[in-house]
>>> print(open('upload.pdb').read())   # PDB, C-alpha atoms
ATOM      1  CA  MET A  98       0.000   0.000   0.000
ATOM      2  CA  PRO A  99       1.198   3.578  -0.607
ATOM      3  CA  ASN A 100       2.865   5.291   2.336
ATOM      4  CA  PHE A 101       1.062   8.546   3.093
ATOM      5  CA  TRP A 102       0.409  11.037   5.914
ATOM      6  CA  LYS A 103       3.681  10.427   7.744
ATOM      7  CA  SER A 104       2.897  13.576   9.707
ATOM      8  CA  SER A 105      -0.022  11.887  11.484
ATOM      9  CA  GLY A 106       2.373  10.068  13.815
ATOM     10  CA  ILE A 107       0.608   6.738  13.372
ATOM     11  CA  HIS A 108       3.986   4.981  13.323
ATOM     12  CA  LEU A 109       4.373   5.906  17.005
ATOM     13  CA  LEU A 110       1.234   4.019  18.045
ATOM     14  CA  GLY A 111       0.339   0.391  18.583
ATOM     15  CA  ARG A 112      -2.857  -1.378  17.557
ATOM     16  CA  ASP A 113      -5.166  -3.600  19.608
ATOM     17  CA  ARG A 114      -6.875  -6.764  18.382
ATOM     18  CA  ASN A 115      -9.824  -4.715  17.113
ATOM     19  CA  GLY A 116      -7.532  -2.531  15.020
ATOM     20  CA  TRP A 117      -7.841   0.566  17.211
ATOM     21  CA  LEU A 118      -4.762   2.644  18.028
ATOM     22  CA  THR A 119      -3.072   2.196  21.407
ATOM     23  CA  VAL A 120      -0.963   4.827  23.169
ATOM     24  CA  THR A 121       2.776   4.196  23.454
ATOM     25  CA  PRO A 122       5.626   5.948  25.307
ATOM     26  CA  ASP A 123       7.061   7.288  22.046
ATOM     27  CA  PHE A 124       3.703   8.786  21.089
ATOM     28  CA  LEU A 125       3.593  10.691  24.381
ATOM     29  CA  ARG A 126       7.198  11.809  23.968
ATOM     30  CA  ALA A 127       6.220  13.426  20.682
ATOM     31  CA  TYR A 128       3.742  15.586  22.591
ATOM     32  CA  TYR A 129       6.307  16.461  25.266
ATOM     33  CA  THR A 130       8.635  17.812  22.598
ATOM     34  CA  ARG A 131       6.018  20.200  21.195
ATOM     35  CA  PRO A 132       7.257  23.829  21.341
ATOM     36  CA  GLU A 133       4.582  24.714  23.908
ATOM     37  CA  ILE A 134       6.068  22.147  26.313
ATOM     38  CA  HIS A 135       9.739  21.707  25.477
ATOM     39  CA  PRO A 136      11.856  23.830  27.856
ATOM     40  CA  VAL A 137      14.023  26.616  26.499
ATOM     41  CA  LYS A 138      17.338  27.848  27.842
ATOM     42  CA  GLU A 139      15.617  30.341  30.132
ATOM     43  CA  SER A 140      13.240  27.766  31.659
ATOM     44  CA  CYS A 141      13.517  27.223  35.411
ATOM     45  CA  LEU A 142      15.028  24.135  37.026
ATOM     46  CA  ALA A 143      11.592  22.753  37.979
ATOM     47  CA  GLU A 144      10.438  22.888  34.352
ATOM     48  CA  HIS A 145      13.609  21.189  33.092
ATOM     49  CA  ALA A 146      13.318  18.509  35.779
ATOM     50  CA  LEU A 147       9.679  17.725  34.950
ATOM     51  CA  PHE A 148      10.423  17.550  31.247
ATOM     52  CA  GLU A 149      13.339  15.169  31.743
ATOM     53  CA  ARG A 150      11.287  12.947  34.054
ATOM     54  CA  LEU A 151       8.442  12.696  31.541
ATOM     55  CA  MET A 152      10.795  11.940  28.674
ATOM     56  CA  ALA A 153      12.274   9.095  30.724
ATOM     57  CA  GLU A 154       8.890   7.903  32.037
ATOM     58  CA  PRO A 155       6.125   9.185  29.717
ATOM     59  CA  PHE A 156       3.364   7.662  31.869
ATOM     60  CA  ALA A 157       4.763   9.028  35.153
ATOM     61  CA  GLU A 158       2.275  10.513  37.592
ATOM     62  CA  VAL A 159       2.689  14.228  38.133
ATOM     63  CA  ASP A 160       1.208  16.056  41.106
ATOM     64  CA  GLU A 161       0.076  19.652  41.144
ATOM     65  CA  ALA A 162       3.014  20.706  43.312
ATOM     66  CA  GLU A 163       5.453  19.829  40.541
ATOM     67  CA  ILE A 164       3.538  21.927  38.050
ATOM     68  CA  ALA A 165       3.026  24.812  40.471
ATOM     69  CA  ALA A 166       6.808  24.960  40.974
ATOM     70  CA  ILE A 167       7.266  26.036  37.336
ATOM     71  CA  GLN A 168       7.976  29.764  37.323
ATOM     72  CA  ASP A 169       6.536  30.447  33.877
ATOM     73  CA  ARG A 170       2.760  30.476  34.450
ATOM     74  CA  ASP A 171       1.994  29.880  30.773
ATOM     75  CA  ALA A 172       4.310  26.882  30.687
ATOM     76  CA  ALA A 173       2.702  25.501  33.850
ATOM     77  CA  GLU A 174      -0.769  25.812  32.319
ATOM     78  CA  ASN A 175       0.441  24.093  29.146
ATOM     79  CA  TYR A 176       1.611  21.169  31.285
ATOM     80  CA  ARG A 177      -1.779  20.981  33.002
ATOM     81  CA  LEU A 178      -3.580  20.847  29.666
ATOM     82  CA  LEU A 179      -1.250  18.290  28.132
ATOM     83  CA  LEU A 180      -1.146  15.998  31.146
ATOM     84  CA  ALA A 181      -4.941  16.059  31.416
ATOM     85  CA  PHE A 182      -5.057  15.080  27.737
ATOM     86  CA  ARG A 183      -2.460  12.338  28.325
ATOM     87  CA  ASP A 184      -4.402  10.938  31.272
ATOM     88  CA  HIS A 185      -7.574  10.943  29.180
ATOM     89  CA  LEU A 186      -5.819   8.936  26.451
ATOM     90  CA  VAL A 187      -4.365   6.463  28.931
ATOM     91  CA  ARG A 188      -7.638   6.065  30.812
ATOM     92  CA  HIS A 189      -9.529   5.118  27.646
ATOM     93  CA  GLY A 190      -6.812   2.889  26.224
ATOM     94  CA  THR A 191      -7.089   3.743  22.530
ATOM     95  CA  VAL A 192      -7.151   6.894  20.442
ATOM     96  CA  GLU A 193     -10.606   6.007  19.120
ATOM     97  CA  SER A 194     -12.098   5.412  22.575
ATOM     98  CA  ALA A 195     -10.546   8.606  23.900
ATOM     99  CA  TYR A 196     -11.918  10.599  20.969
ATOM    100  CA  ALA A 197     -15.437   9.177  21.316
ATOM    101  CA  ALA A 198     -15.425   9.818  25.067
ATOM    102  CA  LEU A 199     -14.871  13.526  24.457
ATOM    103  CA  PHE A 200     -18.441  13.711  23.142
ATOM    104  CA  SER A 201     -20.209  11.282  25.426
ATOM    105  CA  SER A 202     -18.950  12.214  28.888
ATOM    106  CA  PRO A 203     -21.240  14.328  31.115
ATOM    107  CA  THR A 204     -18.117  16.304  32.045
ATOM    108  CA  PRO A 205     -16.176  16.462  28.760
ATOM    109  CA  LEU A 206     -12.493  17.291  28.786
ATOM    110  CA  SER A 207     -11.577  20.627  27.281
ATOM    111  CA  ILE A 208      -8.657  20.206  24.898
ATOM    112  CA  PRO A 209      -7.061  22.531  22.321
ATOM    113  CA  PRO A 210      -8.702  22.233  18.876
ATOM    114  CA  VAL A 211      -5.343  21.226  17.371
ATOM    115  CA  PHE A 212      -5.288  18.132  19.610
ATOM    116  CA  LEU A 213      -8.775  17.206  18.437
ATOM    117  CA  ASP A 214      -7.746  17.527  14.787
ATOM    118  CA  GLN A 215      -4.661  15.403  15.460
ATOM    119  CA  LEU A 216      -6.794  12.624  16.948
ATOM    120  CA  VAL A 217      -9.048  12.623  13.894
ATOM    121  CA  HIS A 218      -5.994  12.653  11.601
ATOM    122  CA  LEU A 219      -4.749   9.509  13.316
ATOM    123  CA  ILE A 220      -8.130   7.794  13.252
ATOM    124  CA  VAL A 221      -8.762   8.510   9.566
ATOM    125  CA  HIS A 222      -5.217   7.367   8.739
ATOM    126  CA  ASN A 223      -5.851   4.144  10.638
ATOM    127  CA  MET A 224      -9.139   3.609   8.782
ATOM    128  CA  LEU A 225      -7.643   4.232   5.351
ATOM    129  CA  ARG A 226      -4.196   2.716   5.812
ATOM    130  CA  ARG A 227      -4.943  -0.143   3.400
ATOM    131  CA  ILE A 228      -6.605   1.855   0.651
ATOM    132  CA  ALA A 229      -5.048   2.289  -2.781
ATOM    133  CA  ASP A 230      -7.298   5.134  -3.935
ATOM    134  CA  PRO A 231      -5.636   8.561  -3.561
ATOM    135  CA  MET A 232      -8.965  10.319  -4.088
ATOM    136  CA  ARG A 233     -10.319   8.661  -0.966
ATOM    137  CA  ALA A 234      -7.286   9.774   1.031
ATOM    138  CA  ARG A 235      -7.724  13.357  -0.192
ATOM    139  CA  ALA A 236     -11.426  13.243   0.685
ATOM    140  CA  GLY A 237     -10.418  12.028   4.145
ATOM    141  CA  GLU A 238      -8.612  15.335   4.713
ATOM    142  CA  LEU A 239     -12.013  17.004   5.103
ATOM    143  CA  PHE A 240     -12.406  15.195   8.426
ATOM    144  CA  PHE A 241      -9.499  17.018  10.053
ATOM    145  CA  ARG A 242      -8.446  19.966   7.881
ATOM    146  CA  GLU A 243     -10.459  23.108   7.185
ATOM    147  CA  GLN A 244     -11.210  23.688   3.496
ATOM    148  CA  VAL A 245     -11.722  26.790   1.389
ATOM    149  CA  VAL A 246     -14.657  26.439  -1.018
ATOM    150  CA  THR A 247     -14.479  28.126  -4.424
ATOM    151  CA  THR A 248     -17.577  28.394  -6.573
ATOM    152  CA  GLY A 249     -18.368  30.142  -9.833
ATOM    153  CA  ASP A 250     -18.167  29.228 -13.511
ATOM    154  CA  GLY A 251     -19.877  25.950 -12.693
ATOM    155  CA  GLN A 252     -17.094  24.909 -10.315
ATOM    156  CA  LEU A 253     -17.104  23.663  -6.748
ATOM    157  CA  MET A 254     -13.485  23.334  -5.677
ATOM    158  CA  LEU A 255     -12.130  22.472  -2.226
ATOM    159  CA  ALA A 256      -8.595  23.430  -1.179
ATOM    160  CA  ASP A 257      -6.822  23.307   2.162
ATOM    161  CA  ALA A 258      -7.512  26.529   4.079
ATOM    162  CA  GLU A 259      -4.079  26.700   5.727
ATOM    163  CA  ILE A 260      -2.303  26.264   2.407
ATOM    164  CA  VAL A 261      -4.455  28.912   0.733
ATOM    165  CA  GLU A 262      -3.932  31.341   3.620
ATOM    166  CA  ASN A 263      -0.160  30.854   3.636
ATOM    167  CA  TRP A 264       0.006  31.309  -0.114
ATOM    168  CA  THR A 265      -2.115  34.437   0.109
ATOM    169  CA  LYS A 266       0.333  35.907   2.624
ATOM    170  CA  THR A 267       3.596  34.834   0.980
ATOM    171  CA  GLY A 268       2.819  33.973  -2.638
ATOM    172  CA  GLY A 269       4.584  30.668  -2.110
ATOM    173  CA  PHE A 270       7.898  32.335  -1.242
ATOM    174  CA  GLY A 271       7.902  31.859   2.541
ATOM    175  CA  GLY A 272       9.471  34.650   4.574
ATOM    176  CA  LEU A 273      10.600  36.458   1.432
ATOM    177  CA  GLY A 274       7.035  36.438   0.182
ATOM    178  CA  ALA A 275       5.818  37.955   3.445
ATOM    179  CA  LEU A 276       8.328  40.792   3.059
ATOM    180  CA  LEU A 277       7.255  41.367  -0.522
ATOM    181  CA  ALA A 278       3.615  41.434   0.504
ATOM    182  CA  GLU A 279       4.372  44.014   3.205
ATOM    183  CA  SER A 280       6.129  46.178   0.628
ATOM    184  CA  GLY A 281       3.109  46.034  -1.674
ATOM    185  CA  THR A 282       4.814  43.946  -4.362
ATOM    186  CA  PRO A 283       2.190  42.124  -6.479
ATOM    187  CA  MET A 284       2.086  38.390  -5.684
ATOM    188  CA  ARG A 285       1.485  35.592  -8.161
ATOM    189  CA  GLY A 286      -1.881  33.837  -7.925
ATOM    190  CA  LEU A 287      -2.412  30.468  -6.273
ATOM    191  CA  SER A 288      -2.740  27.550  -8.661
ATOM    192  CA  LEU A 289      -3.181  24.146  -7.007
ATOM    193  CA  ASP A 290      -3.195  20.834  -8.825
ATOM    194  CA  VAL A 291      -6.743  19.491  -9.004
ATOM    195  CA  LEU A 292      -6.815  15.727  -8.531
ATOM    196  CA  GLY A 293      -8.477  13.900 -11.387
ATOM    197  CA  GLU A 294      -8.370  10.596 -13.198
ATOM    198  CA  ASP A 295      -5.245  11.571 -15.121
ATOM    199  CA  ASN A 296      -3.079  12.777 -12.214
ATOM    200  CA  ARG A 297      -4.518  11.220  -9.059
ATOM    201  CA  ASP A 298      -1.336   9.294  -8.192
ATOM    202  CA  LEU A 299       0.625  12.506  -7.611
ATOM    203  CA  TYR A 300      -1.212  12.700  -4.285
ATOM    204  CA  TRP A 301       0.915  10.005  -2.647
ATOM    205  CA  GLU A 302       4.224  11.872  -2.819
ATOM    206  CA  ARG A 303       2.598  15.124  -1.695
ATOM    207  CA  SER A 304       0.107  13.854   0.880
ATOM    208  CA  ASP A 305       1.771  15.628   3.813
ATOM    209  CA  ARG A 306       1.809  18.936   1.939
ATOM    210  CA  PHE A 307      -2.006  19.071   1.714
ATOM    211  CA  ASP A 308      -1.624  21.120  -1.440
ATOM    212  CA  THR A 309      -4.023  19.448  -3.876
ATOM    213  CA  ALA A 310      -7.565  20.565  -4.648
ATOM    214  CA  ILE A 311     -10.612  18.466  -5.480
ATOM    215  CA  ASP A 312     -13.686  19.060  -7.595
ATOM    216  CA  PHE A 313     -16.643  18.406  -5.287
ATOM    217  CA  ARG A 314     -19.443  18.715  -7.819
ATOM    218  CA  PHE A 315     -22.148  16.081  -8.073
ATOM    219  CA  THR A 316     -21.004  12.990 -10.065
ATOM    220  CA  GLU A 317     -17.315  13.903  -9.575
ATOM    221  CA  PRO A 318     -15.035  11.183  -8.090
ATOM    222  CA  ALA A 319     -14.150  13.223  -4.998
ATOM    223  CA  LEU A 320     -17.773  13.330  -3.828
ATOM    224  CA  ASP A 321     -18.127   9.571  -4.152
ATOM    225  CA  ALA A 322     -14.761   9.098  -2.403
ATOM    226  CA  PHE A 323     -15.972  11.196   0.532
ATOM    227  CA  ALA A 324     -19.089   9.030   0.792
ATOM    228  CA  ARG A 325     -16.896   5.942   1.039
ATOM    229  CA  VAL A 326     -14.875   7.544   3.863
ATOM    230  CA  VAL A 327     -18.093   8.265   5.762
ATOM    231  CA  GLU A 328     -19.055   4.586   5.380
ATOM    232  CA  THR A 329     -15.662   3.564   6.724
ATOM    233  CA  TRP A 330     -15.919   5.960   9.674
ATOM    234  CA  VAL A 331     -19.291   4.528  10.706
ATOM    235  CA  ALA A 332     -18.004   0.968  10.338
ATOM    236  CA  HIS A 333     -14.812   1.748  12.271
ATOM    237  CA  PHE A 334     -16.595   3.227  15.277
ATOM    238  CA  HIS A 335     -19.952   1.484  15.332
ATOM    239  CA  GLY A 336     -19.162  -1.804  13.590
ATOM    240  CA  LEU A 337     -22.125  -1.221  11.270
ATOM    241  CA  ARG A 338     -22.476  -1.454   7.490
ATOM    242  CA  VAL A 339     -24.060   1.534   5.826
ATOM    243  CA  ARG A 340     -24.448   2.778   2.261
ATOM    244  CA  VAL A 341     -23.809   6.456   1.592
ATOM    245  CA  GLN A 342     -24.671   7.988  -1.757
ATOM    246  CA  PRO A 343     -24.392  11.605  -2.958
ATOM    247  CA  GLN A 344     -27.721  13.290  -3.710
ATOM    248  CA  GLN A 345     -28.632  16.458  -5.559
ATOM    249  CA  SER A 346     -31.581  17.226  -3.293
ATOM    250  CA  ILE A 347     -33.671  15.807  -0.467
ATOM    251  CA  ARG A 348     -36.862  14.363  -1.908
ATOM    252  CA  ASP A 349     -38.385  12.437   0.941
ATOM    253  CA  GLU A 350     -41.984  12.759   2.137
ATOM    254  CA  ARG A 351     -41.008  10.720   5.191
ATOM    255  CA  TRP A 352     -37.958  12.841   6.030
ATOM    256  CA  SER A 353     -37.365  11.788   9.630
ATOM    257  CA  TRP A 354     -33.679  12.205  10.441
ATOM    258  CA  HIS A 355     -30.775  14.332   9.259
ATOM    259  CA  ILE A 356     -27.258  15.135  10.392
ATOM    260  CA  GLY A 357     -25.312  18.213   9.510
ATOM    261  CA  LEU A 358     -21.651  17.290   9.144
ATOM    262  CA  ASP A 359     -20.680  20.813  10.208
ATOM    263  CA  ALA A 360     -22.312  23.625  12.180
ATOM    264  CA  GLU A 361     -23.607  25.491   9.120
ATOM    265  CA  ALA A 362     -25.112  22.374   7.540
ATOM    266  CA  THR A 363     -26.810  21.571  10.853
ATOM    267  CA  ARG A 364     -28.389  25.019  10.937
ATOM    268  CA  LEU A 365     -29.546  24.915   7.320
ATOM    269  CA  LEU A 366     -30.908  21.355   7.425
ATOM    270  CA  ASN A 367     -32.766  22.105  10.648
ATOM    271  CA  ALA A 368     -34.401  25.092   8.963
ATOM    272  CA  LEU A 369     -35.415  23.082   5.893
ATOM    273  CA  TYR A 370     -36.759  20.255   8.042
ATOM    274  CA  GLU A 371     -38.911  22.747   9.935
ATOM    275  CA  GLY A 372     -40.341  23.998   6.625
ATOM    276  CA  LYS A 373     -38.647  27.375   6.710
ATOM    277  CA  MET A 374     -37.895  29.166   3.461
ATOM    278  CA  LEU A 375     -34.214  29.850   2.818
ATOM    279  CA  ASP A 376     -32.980  32.501   0.416
ATOM    280  CA  GLU A 377     -30.692  31.665  -2.481
ATOM    281  CA  GLY A 378     -27.630  32.837  -0.549
ATOM    282  CA  ALA A 379     -28.285  30.372   2.257
ATOM    283  CA  LEU A 380     -29.114  27.490  -0.071
ATOM    284  CA  SER A 381     -25.951  28.112  -2.090
ATOM    285  CA  ARG A 382     -23.866  27.398   1.013
ATOM    286  CA  ILE A 383     -24.971  23.741   0.968
ATOM    287  CA  ILE A 384     -22.181  22.107  -1.022
ATOM    288  CA  ALA A 385     -23.147  18.422  -0.742
ATOM    289  CA  LEU A 386     -26.015  16.163   0.315
ATOM    290  CA  PHE A 387     -25.904  12.430   0.992
ATOM    291  CA  ARG A 388     -28.335   9.639   1.729
ATOM    292  CA  LEU A 389     -27.212   7.124   4.374
ATOM    293  CA  ASP A 390     -28.976   3.758   4.574
ATOM    294  CA  PHE A 391     -28.308   1.025   7.116
ATOM    295  CA  GLU A 392     -27.724  -2.447   5.721
ATOM    296  CA  GLU A 393     -29.356  -4.064   8.774
ATOM    297  CA  ARG A 394     -32.790  -2.796   9.840
ATOM    298  CA  ASP A 395     -32.215  -3.840  13.449
ATOM    299  CA  ASP A 396     -29.239  -1.475  13.792
ATOM    300  CA  VAL A 397     -31.494   1.568  14.116
ATOM    301  CA  VAL A 398     -34.309   2.632  16.427
ATOM    302  CA  GLU A 399     -37.664   1.183  15.447
ATOM    303  CA  THR A 400     -39.090   4.442  14.114
ATOM    304  CA  MET A 401     -36.203   4.730  11.619
ATOM    305  CA  ARG A 402     -36.267   1.228  10.161
ATOM    306  CA  GLY A 403     -36.366   1.387   6.389
ATOM    307  CA  LYS A 404     -35.815   5.136   6.399
ATOM    308  CA  PRO A 405     -32.663   7.012   5.311
ATOM    309  CA  VAL A 406     -30.573   9.466   7.278
ATOM    310  CA  TRP A 407     -29.830  12.605   5.278
ATOM    311  CA  LEU A 408     -26.374  14.140   5.587
ATOM    312  CA  GLY A 409     -25.212  17.582   4.548
ATOM    313  CA  LEU A 410     -22.028  19.614   4.170
ATOM    314  CA  ALA A 411     -22.093  23.398   3.996
ATOM    315  CA  MET A 412     -19.644  26.274   3.927
ATOM    316  CA  GLY A 413     -19.839  29.174   6.320
ATOM    317  CA  SER A 414     -20.414  32.758   5.254
ATOM    318  CA  ASP A 415     -16.614  33.068   5.014
ATOM    319  CA  GLY A 416     -16.481  30.384   2.301
ATOM    320  CA  LYS A 417     -14.864  27.753   4.547
ATOM    321  CA  LEU A 418     -15.906  24.200   5.323
ATOM    322  CA  ARG A 419     -15.272  23.026   8.884
ATOM    323  CA  MET A 420     -16.388  19.434   9.214
ATOM    324  CA  LYS A 421     -17.402  17.981  12.601
ATOM    325  CA  PRO A 422     -17.002  14.205  12.200
ATOM    326  CA  GLN A 423     -18.075  13.698  15.804
ATOM    327  CA  ASN A 424     -21.646  14.299  14.616
ATOM    328  CA  LEU A 425     -21.494  10.823  13.062
ATOM    329  CA  LEU A 426     -20.725   9.414  16.513
ATOM    330  CA  THR A 427     -23.402  11.131  18.549
ATOM    331  CA  ASN A 428     -26.319  11.785  16.203
ATOM    332  CA  LEU A 429     -27.033   8.550  14.336
ATOM    333  CA  PRO A 430     -30.368   6.906  15.263
ATOM    334  CA  LEU A 431     -28.759   3.729  16.556
ATOM    335  CA  ARG A 432     -30.589   1.116  18.570
ATOM    336  CA  ARG A 433     -27.322   0.313  20.306
ATOM    337  CA  ARG A 434     -23.918   1.949  20.480
ATOM    338  CA  ASN A 435     -20.678  -0.044  20.320
TER
END
>>> encode(input="upload.pdb", output="structure tokens")
Amino acid sequence: MPNFWKSSGIHLLGRDRNGWLTVTPDFLRAYYTRPEIHPVKESCLAEHALFERLMAEPFAEVDEAEIAAIQDRDAAENYRLLLAFRDHLVRHGTVESAYAALFSSPTPLSIPPVFLDQLVHLIVHNMLRRIADPMRARAGELFFREQVVTTGDGQLMLADAEIVENWTKTGGFGGLGALLAESGTPMRGLSLDVLGEDNRDLYWERSDRFDTAIDFRFTEPALDAFARVVETWVAHFHGLRVRVQPQQSIRDERWSWHIGLDAEATRLLNALYEGKMLDEGALSRIIALFRLDFEERDDVVETMRGKPVWLGLAMGSDGKLRMKPQNLLTNLPLRRRN
């Protein structure tokens, strides 16, 4: 299988008999060496001592007195956040269980958004590690990386928001580009390779650059690839077989259940379900609709047997798509949860 997404850190993790990712000492060490945690020359002795102890014993218990002894208050708070996150991972045993628990606990742990995205990156990598379809891998990026949506001239293109923002600031020339932008020098336009049937394999060598775009129009391969990733996500977490198919509209007199895959889609689908009229501007923000059907009738609550679940993706008013894959954990009409 192609080797992709080295940046996820999946090579630092183990795997249990169910295929879920288990936490290892080396995985925790990678977090301890993050710039927010790694001591600098000016760090106090207490901070250096705690860092060295955790690098030697990544699972070591740390009491509040050790953290309070750190002179830099920001550094001390960073340790509190990271160690709470570490303990959450260890307590739940696997990355998948720890991620799911964030949305099911009555007292959920507050973690930095970047940590949440990193968990999803790992989970999607684990799910797709045996695939040979680069389009499916690129579609999987939507689960953990914000996208910029470009419409017009019959197009519906998705590109990585961070890449687009960096290019806008530097024109692709890094620090030099930033200086040129500050001086008012005109910058060259952004032109990303759009994955298609003729060039899809270029994705593998550039997967960690996140610098390819996809055409997300109805009937295009990227939309179907995303549907397959949603199927895999549901199977990975719930152990259930579902069929997900792109749709151009919701035509269902028995419309009973829907899930917005992001905050904007949730708002818009709720409004449509309630019979509210949306203006063209609001409707144009819906970029994709899907029909999800369960292969086994007994997997869902009785009132939903034989009925589909409608899914939607939408961009915000700023033209960005921010997917919330956790909605597929908490909002499906399941009779039981695995």
>>> residues_around(input="upload.pdb", residues="range 247-256 of chain A", least_positions_apart="6", cutoff="7 Å", atoms="all atoms listed in the file", output="list of chain:residue names")
A:Thr309, A:Ala310, A:Ile311, A:Asp312, A:Phe313, A:Arg314
>>> atom_distance(input="upload.pdb", atom1="CA of Ile208 in chain A", atom2="CA of Ser140 in chain A")
24.1 Å
>>> residues_around(input="upload.pdb", residues="Glu133 in chain A", least_positions_apart="4", cutoff="9 Å", atoms="all atoms listed in the file", output="list in words")
Tyr129, Asp171, Ala172, Asn175 and Tyr176 of chain A
>>> residues_near_point(input="upload.pdb", point="(-20.1, 11.1, 17.2)", cutoff="9 Å", atoms="all atoms listed in the file", output="PyMOL selection string")
chain A and resi 197+200-201+334+421-429
>>> atom_distance(input="upload.pdb", atom1="CA of Trp354 in chain A", atom2="CA of Val406 in chain A")
5.2 Å
>>> resolve_selection(input="upload.pdb", expression="the PyMOL selection byres ((chain A and resi 117) around 8)", output="mmCIF file with C-alpha atoms, in the coordinates of the input")
data_model
loop_
_atom_site.group_PDB
_atom_site.id
_atom_site.type_symbol
_atom_site.label_atom_id
_atom_site.label_comp_id
_atom_site.auth_asym_id
_atom_site.auth_seq_id
_atom_site.Cartn_x
_atom_site.Cartn_y
_atom_site.Cartn_z
ATOM 1 C CA ARG A 112 -2.857 -1.378 17.557
ATOM 2 C CA ASP A 113 -5.166 -3.600 19.608
ATOM 3 C CA ARG A 114 -6.875 -6.764 18.382
ATOM 4 C CA ASN A 115 -9.824 -4.715 17.113
ATOM 5 C CA GLY A 116 -7.532 -2.531 15.020
ATOM 6 C CA LEU A 118 -4.762 2.644 18.028
ATOM 7 C CA THR A 119 -3.072 2.196 21.407
ATOM 8 C CA THR A 191 -7.089 3.743 22.530
ATOM 9 C CA VAL A 192 -7.151 6.894 20.442
ATOM 10 C CA GLU A 193 -10.606 6.007 19.120
ATOM 11 C CA ASN A 223 -5.851 4.144 10.638
#
